[in-house]
Amino acid sequence: MIVEKFIPLTFENTVENGEIEWASPSNIALVKYWGKKENQIPENQSISFTLNECKTITKLSYILKDNKTDDFDFQVYLDGERKLDFEPKIKTFFNRIYNYVPFLKNYKFKIETKNTFPHSSGIASSASGMSALALCLMSIEKQLNPKISKSFFNKKASFLARLGSGSASRSIEGDLVVWGKHNDIEGSSDLYGIKYPYKVHENFKNFQDTILLVDKGEKQVSSTVGHNLMYGHPYAKQRFDQANSNISVIKNILESGDLEAFIALVESEALTLHAMMMTSMPYFILMKPNTLEIINKIWGFRKETKLNICFTLDAGANVHILYPENEKEQILEFIKTQLVAYCQNGHYICDSVGLGAKKM
Ligand code: DP6
């Protein structure tokens with residue numbers, strides 16, 4: 001599919017005003033997206049679990065302007081308070097998607113947003129936030145053009161979300177989502193995420209993710225700076241090739257239910273992401289001492305109990321602990337007694353794999 005398909009040529013209806021609300025989840029990548037080309041095209045394919053509890057809920061109210069002006073007219077509120085500092089990011093997003101959402105300048109918008117996870121928890125809200133907003137805009141498009149199909153709705157929502165934040169393209173629909181064109185994944189695209197289209201073994205159903213909040217501070221490296229580090233990176237090509245082959249590997253794992261292979265792939269991906277940051281110029285160490293303490297404890301516990309616990313990391317110090325549902329009891333006990341001490345103020349979030357965004 002080419003981008004032109006996402007440009008609406010006419011609108012059947014006129015819509016004066018209204019409001020629409022979506023709850024959209026965060027996601028955790030198993031094979032990581034790190035490095036992008038122009039227009040938010042990923043350098044490599046990625047796949048993620050959609051989360052169930054960590055969500056952004058966004059209400060978009062819109063009123064048709066008397067005269068269409070040449071600028072966007074919107075205000076952003078977080079937890080009921082005007083957030084002027086969010087507005088430049090939304091403006092950039094609107095500029096990027098204007099071609100595809102040409103009614104954007106016709107309305108005055110109020111964007112009211114809240115997160116189900118604690119503010120400043122160090123959990124990135126760009127995936128859930130941008131996807132929630134993209135879905136709200138698609139709901140307006142659906143009112144203007146009621147005939148658009150559910151499949152087009154979701155594809156375009158993911159396409160728009162991607163232009164806000166790459167990982168947001170993976171937060172629309174499905175428990176496992178692939179983004180990036182890959183020969184082994186039918187229907188995959190660099191332009192939007194798709195629900196993983198193959199059989200998934202029972203072992204991965206309702207997989208658990210406990211997020212240990214090691215560092216709740218501001219991100220040390222913004223995602224834009226981070227992705228840019230892959231330009232001219234000495235290992236960039238090898239990394240992109242590795243991600244490509246890891247998608248094929250994980251496809252087999254997801255089918256066979258091989259948890260040992262899953263653990264090896266997921267932990268290697270997490271450490272590779274951090275290795276890319278440590279070996280770029282400038283270089284960064286985003287793990288904290290407690291991140292390493294937790295990783296070592298997990299390795300020790302896994303060796304001792306043979307339970308299928310593993311970790312993954314985002315571009316920060318927090319640790320996502322992944323494990324099958326049927327091992328939940330013992331692993332949660334281990335987390336509470338052995339790992340919570342390494343979290344900032346003892347904070348952690350219990351989550352599990354969910355099915356995607358929901359209209360409220
Ligand atoms: C490390 O999606 O935040 O979480 O496209 O610049 O908004 P932008 O980047 P973003 O990058 C996320 C990178 C990651 C890995 C991943 O989620 O795949």
# chains A, B, ... in the order shown; residues from 1 in each chain; ligands from 1
>>> closest_atom_pairs(of="chain A", to="ligand 1", cutoff="7 Å", atoms="only C-alpha atoms and all ligand atoms", output="Markdown table")
| residue | atom | partner | partner_atom_place_in_ligand_line | distance |
| --- | --- | --- | --- | --- |
| A:Ile28 | CA | ligand 1 | 17 (O) | 6.0 |
| A:Ala29 | CA | ligand 1 | 18 (O) | 4.7 |
| A:Val31 | CA | ligand 1 | 18 (O) | 6.7 |
| A:Lys32 | CA | ligand 1 | 18 (O) | 3.8 |
| A:Tyr33 | CA | ligand 1 | 18 (O) | 3.6 |
| A:Trp34 | CA | ligand 1 | 13 (C) | 5.6 |
| A:Gln40 | CA | ligand 1 | 5 (O) | 6.2 |
| A:Ser46 | CA | ligand 1 | 18 (O) | 5.9 |
| A:Ser126 | CA | ligand 1 | 3 (O) | 6.2 |
| A:Ala127 | CA | ligand 1 | 2 (O) | 6.4 |
| A:Arg162 | CA | ligand 1 | 5 (O) | 6.9 |
| A:Gly164 | CA | ligand 1 | 7 (O) | 6.4 |
| A:Ser165 | CA | ligand 1 | 7 (O) | 3.3 |
| A:Gly166 | CA | ligand 1 | 5 (O) | 3.4 |
| A:Ser167 | CA | ligand 1 | 2 (O) | 3.6 |
| A:Ala168 | CA | ligand 1 | 2 (O) | 6.1 |
| A:Ser223 | CA | ligand 1 | 6 (O) | 4.5 |
| A:Thr224 | CA | ligand 1 | 6 (O) | 4.5 |
| A:His227 | CA | ligand 1 | 6 (O) | 6.5 |
| A:Asp314 | CA | ligand 1 | 1 (C) | 4.5 |
| A:Ala315 | CA | ligand 1 | 1 (C) | 4.5 |
>>> closest_atom_pairs(of="region 113-208 of chain A", to="region 348-352 of chain A", cutoff="7 Å", atoms="only C-alpha atoms", output="Markdown table")
| residue | atom | partner | partner_atom | distance |
| --- | --- | --- | --- | --- |
| A:Asn206 | CA | A:Ser352 | CA | 6.1 |
| A:Phe207 | CA | A:Ser352 | CA | 5.7 |
| A:Gln208 | CA | A:Ser352 | CA | 4.2 |
>>> write_last_selection(atoms="N, CA, C and O atoms", output="PDB file, in the first residue's frame")
ATOM      1  N   ASN A 206      -1.619 -14.478  27.537  1.00  0.00           N
ATOM      2  CA  ASN A 206      -1.680 -13.698  28.771  1.00  0.00           C
ATOM      3  C   ASN A 206      -0.328 -13.614  29.483  1.00  0.00           C
ATOM      4  O   ASN A 206      -0.240 -13.722  30.703  1.00  0.00           O
ATOM      5  N   PHE A 207       0.720 -13.423  28.715  1.00  0.00           N
ATOM      6  CA  PHE A 207       2.066 -13.287  29.284  1.00  0.00           C
ATOM      7  C   PHE A 207       2.088 -12.102  30.264  1.00  0.00           C
ATOM      8  O   PHE A 207       1.347 -11.127  30.090  1.00  0.00           O
ATOM      9  N   GLN A 208       2.912 -12.217  31.273  1.00  0.00           N
ATOM     10  CA  GLN A 208       2.948 -11.189  32.325  1.00  0.00           C
ATOM     11  C   GLN A 208       4.150 -10.254  32.141  1.00  0.00           C
ATOM     12  O   GLN A 208       5.215 -10.687  31.688  1.00  0.00           O
TER      13      GLN A 208
END
>>> closest_residue(among="A:Lys68, A:Ile20, A:Pro324, A:Phe6", to="Ser158 (chain A)", atoms="only C-alpha atoms")
A:Phe6
>>> select_by_dssp(residues="region 73-261 of chain A", states="strand (DSSP E)", output="VMD selection string")
chain A and resid 73 to 78 81 to 82 107 to 115 176 to 179 193 to 195 208 to 212
>>> residues_around(residues="Gly18 (chain A)", least_positions_apart="2", cutoff="12 Å", atoms="only C-alpha atoms", output="list of chain:residue names")
A:Thr14, A:Val15, A:Glu16, A:Ile20, A:Glu21, A:Lys59, A:Leu60, A:Ser61, A:Tyr62, A:Ile63, A:Leu64, A:Tyr107, A:Lys108, A:Phe109, A:Lys110, A:Cys136, A:Leu137, A:Ser139, A:Ile140, A:Gln143
>>> write_last_selection(atoms="C-alpha atoms", output="mmCIF file, in the first residue's frame")
data_model
loop_
_atom_site.group_PDB
_atom_site.id
_atom_site.type_symbol
_atom_site.label_atom_id
_atom_site.label_comp_id
_atom_site.auth_asym_id
_atom_site.auth_seq_id
_atom_site.Cartn_x
_atom_site.Cartn_y
_atom_site.Cartn_z
ATOM 1 C CA THR A 14 -20.030 17.556 7.405
ATOM 2 C CA VAL A 15 -19.573 17.357 11.131
ATOM 3 C CA GLU A 16 -20.033 20.481 13.238
ATOM 4 C CA ILE A 20 -14.572 11.254 21.116
ATOM 5 C CA GLU A 21 -12.529 9.246 23.594
ATOM 6 C CA LYS A 59 -10.715 12.781 24.913
ATOM 7 C CA LEU A 60 -10.774 14.938 21.820
ATOM 8 C CA SER A 61 -13.431 17.657 21.602
ATOM 9 C CA TYR A 62 -13.834 19.494 18.310
ATOM 10 C CA ILE A 63 -15.781 22.475 17.034
ATOM 11 C CA LEU A 64 -15.896 23.526 13.410
ATOM 12 C CA TYR A 107 -11.624 22.523 13.748
ATOM 13 C CA LYS A 108 -10.743 23.939 17.112
ATOM 14 C CA PHE A 109 -9.625 21.032 19.306
ATOM 15 C CA LYS A 110 -9.397 20.375 23.011
ATOM 16 C CA CYS A 136 -9.541 10.015 18.001
ATOM 17 C CA LEU A 137 -8.724 11.688 14.679
ATOM 18 C CA SER A 139 -13.036 8.539 14.622
ATOM 19 C CA ILE A 140 -13.670 12.014 13.210
ATOM 20 C CA GLN A 143 -17.892 10.392 10.828
#
>>> closest_atom_pairs(of="region 20-49 of chain A", to="region 169-191 of chain A", cutoff="7 Å", atoms="only C-alpha atoms", output="JSON lines")
{"residue": "A:Ser24", "atom": "CA", "partner": "A:Ser171", "partner_atom": "CA", "distance": 6.6}
{"residue": "A:Pro25", "atom": "CA", "partner": "A:Ser171", "partner_atom": "CA", "distance": 5.9}
{"residue": "A:Ser26", "atom": "CA", "partner": "A:Ser171", "partner_atom": "CA", "distance": 6.3}
{"residue": "A:Asn27", "atom": "CA", "partner": "A:Ser171", "partner_atom": "CA", "distance": 6.3}
{"residue": "A:Ile41", "atom": "CA", "partner": "A:Asp190", "partner_atom": "CA", "distance": 5.9}
{"residue": "A:Pro42", "atom": "CA", "partner": "A:Asp190", "partner_atom": "CA", "distance": 6.5}
{"residue": "A:Asn44", "atom": "CA", "partner": "A:Gly180", "partner_atom": "CA", "distance": 6.4}
{"residue": "A:Gln45", "atom": "CA", "partner": "A:Gly180", "partner_atom": "CA", "distance": 4.2}
{"residue": "A:Ser46", "atom": "CA", "partner": "A:Trp179", "partner_atom": "CA", "distance": 5.5}
{"residue": "A:Ile47", "atom": "CA", "partner": "A:Val178", "partner_atom": "CA", "distance": 4.4}
{"residue": "A:Ser48", "atom": "CA", "partner": "A:Val177", "partner_atom": "CA", "distance": 5.4}
{"residue": "A:Phe49", "atom": "CA", "partner": "A:Leu176", "partner_atom": "CA", "distance": 4.8}
>>> write_last_selection(atoms="N, CA, C and O atoms", output="compact mmCIF listing (two decimals), in the first residue's frame")
# COMPACT_ATOMS: atom_id res chain seq x y z
N SER A 24 -5.70 3.95 24.78
CA SER A 24 -4.73 3.22 23.96
C SER A 24 -3.53 2.79 24.82
O SER A 24 -3.06 3.56 25.67
N PRO A 25 -3.06 1.58 24.61
CA PRO A 25 -2.03 1.04 25.49
C PRO A 25 -0.60 1.38 25.09
O PRO A 25 -0.32 1.74 23.95
N SER A 26 0.27 1.17 26.04
CA SER A 26 1.70 1.21 25.79
C SER A 26 2.08 -0.19 25.26
O SER A 26 1.26 -1.11 25.28
N ASN A 27 3.28 -0.35 24.79
CA ASN A 27 3.71 -1.69 24.37
C ASN A 27 5.16 -1.89 24.72
O ASN A 27 5.88 -0.90 24.97
N ILE A 41 10.33 6.20 8.97
CA ILE A 41 10.44 4.86 8.41
C ILE A 41 11.52 4.12 9.21
O ILE A 41 12.64 4.62 9.34
N PRO A 42 11.18 2.95 9.77
CA PRO A 42 12.16 2.28 10.64
C PRO A 42 13.32 1.67 9.84
O PRO A 42 13.11 1.24 8.70
N ASN A 44 14.77 -0.96 10.94
CA ASN A 44 14.57 -2.41 11.07
C ASN A 44 13.16 -2.71 11.58
O ASN A 44 12.48 -1.84 12.13
N GLN A 45 12.77 -3.96 11.42
CA GLN A 45 11.47 -4.41 11.86
C GLN A 45 11.48 -4.59 13.37
O GLN A 45 12.52 -4.88 13.96
N SER A 46 10.32 -4.45 13.98
CA SER A 46 10.22 -4.70 15.42
C SER A 46 8.92 -5.43 15.71
O SER A 46 8.01 -5.43 14.89
N ILE A 47 8.88 -6.07 16.88
CA ILE A 47 7.66 -6.76 17.31
C ILE A 47 7.47 -6.51 18.79
O ILE A 47 8.46 -6.47 19.54
N SER A 48 6.23 -6.29 19.20
CA SER A 48 6.01 -5.99 20.62
C SER A 48 4.77 -6.69 21.17
O SER A 48 3.87 -7.05 20.42
N PHE A 49 4.80 -6.84 22.48
CA PHE A 49 3.61 -7.24 23.23
C PHE A 49 2.86 -5.95 23.57
O PHE A 49 3.47 -4.96 24.00
>>> closest_residue(among="A:Glu269, A:Glu333, A:Glu19, A:Asp79", to="Phe240 (chain A)", atoms="only C-alpha atoms")
A:Glu269
>>> residues_around(residues="His233 (chain A)", least_positions_apart="6", cutoff="12 Å", atoms="only C-alpha atoms", output="PyMOL selection string")
chain A and resi 34-35+226-227+239-240+275-283
>>> write_last_selection(atoms="N, CA and C atoms", output="mmCIF file, in the first residue's frame")
data_model
loop_
_atom_site.group_PDB
_atom_site.id
_atom_site.type_symbol
_atom_site.label_atom_id
_atom_site.label_comp_id
_atom_site.auth_asym_id
_atom_site.auth_seq_id
_atom_site.Cartn_x
_atom_site.Cartn_y
_atom_site.Cartn_z
ATOM 1 N N TRP A 34 15.237 0.549 16.700
ATOM 2 C CA TRP A 34 16.256 1.517 17.099
ATOM 3 C C TRP A 34 16.983 1.993 15.853
ATOM 4 N N GLY A 35 16.644 3.151 15.391
ATOM 5 C CA GLY A 35 17.183 3.676 14.138
ATOM 6 C C GLY A 35 16.041 3.888 13.161
ATOM 7 N N GLY A 226 18.308 9.520 20.403
ATOM 8 C CA GLY A 226 18.679 8.102 20.440
ATOM 9 C C GLY A 226 18.712 7.464 19.062
ATOM 10 N N HIS A 227 17.622 7.627 18.323
ATOM 11 C CA HIS A 227 17.575 7.018 16.984
ATOM 12 C C HIS A 227 18.659 7.601 16.075
ATOM 13 N N ARG A 239 23.466 -4.528 13.130
ATOM 14 C CA ARG A 239 22.309 -4.483 14.025
ATOM 15 C C ARG A 239 21.001 -4.617 13.236
ATOM 16 N N PHE A 240 20.881 -3.872 12.143
ATOM 17 C CA PHE A 240 19.627 -3.937 11.375
ATOM 18 C C PHE A 240 19.441 -5.342 10.789
ATOM 19 N N ALA A 275 23.735 -1.845 24.150
ATOM 20 C CA ALA A 275 25.089 -1.887 23.572
ATOM 21 C C ALA A 275 25.213 -0.868 22.444
ATOM 22 N N MET A 276 24.141 -0.699 21.671
ATOM 23 C CA MET A 276 24.168 0.306 20.599
ATOM 24 C C MET A 276 24.398 1.694 21.192
ATOM 25 N N MET A 277 23.738 1.943 22.336
ATOM 26 C CA MET A 277 23.904 3.261 22.961
ATOM 27 C C MET A 277 25.285 3.443 23.565
ATOM 28 N N MET A 278 25.831 2.351 24.063
ATOM 29 C CA MET A 278 27.171 2.458 24.682
ATOM 30 C C MET A 278 28.257 2.614 23.632
ATOM 31 N N THR A 279 27.961 2.177 22.405
ATOM 32 C CA THR A 279 29.009 2.195 21.369
ATOM 33 C C THR A 279 28.749 3.251 20.300
ATOM 34 N N SER A 280 27.831 4.184 20.589
ATOM 35 C CA SER A 280 27.614 5.261 19.616
ATOM 36 C C SER A 280 28.450 6.469 20.032
ATOM 37 N N MET A 281 28.433 7.470 19.188
ATOM 38 C CA MET A 281 29.182 8.684 19.494
ATOM 39 C C MET A 281 28.249 9.869 19.366
ATOM 40 N N PRO A 282 27.867 10.604 20.432
ATOM 41 C CA PRO A 282 28.290 10.345 21.805
ATOM 42 C C PRO A 282 27.697 9.037 22.346
ATOM 43 N N TYR A 283 28.275 8.570 23.448
ATOM 44 C CA TYR A 283 27.860 7.288 24.039
ATOM 45 C C TYR A 283 27.120 7.529 25.354
#
>>> select_by_dssp(residues="region 34-151 of chain A", states="alpha helix (DSSP H)", output="ChimeraX atom specification")
/A:87-97,126-144,150-151
>>> closest_residue(among="A:Gln242, A:Phe284, A:Val214, A:Val200", to="Gly257 (chain A)", atoms="only C-alpha atoms")
A:Val200
>>> residues_around(residues="Phe301 (chain A)", least_positions_apart="4", cutoff="12 Å", atoms="only C-alpha atoms", output="ChimeraX atom specification")
/A:294-297,305-310,330-331,333-335,338-339
>>> closest_residue(among="A:Tyr196, A:Val353, A:Thr116, A:His320", to="Ile247 (chain A)", atoms="only C-alpha atoms")
A:Tyr196
>>> residues_around(residues="Thr291 (chain A)", least_positions_apart="6", cutoff="12 Å", atoms="only C-alpha atoms", output="list in words")
Ile211, Leu212, Leu213, Val214, Asp215, Leu271, His274, Ile285, Lys297, Ile298, Phe311, Thr312, Leu313, Asp314, Gly316, Ala317, Asn318, Val319, His320, Ile321, Leu339, Val340, Ala341, Tyr342, Cys343 and Gln344 of chain A
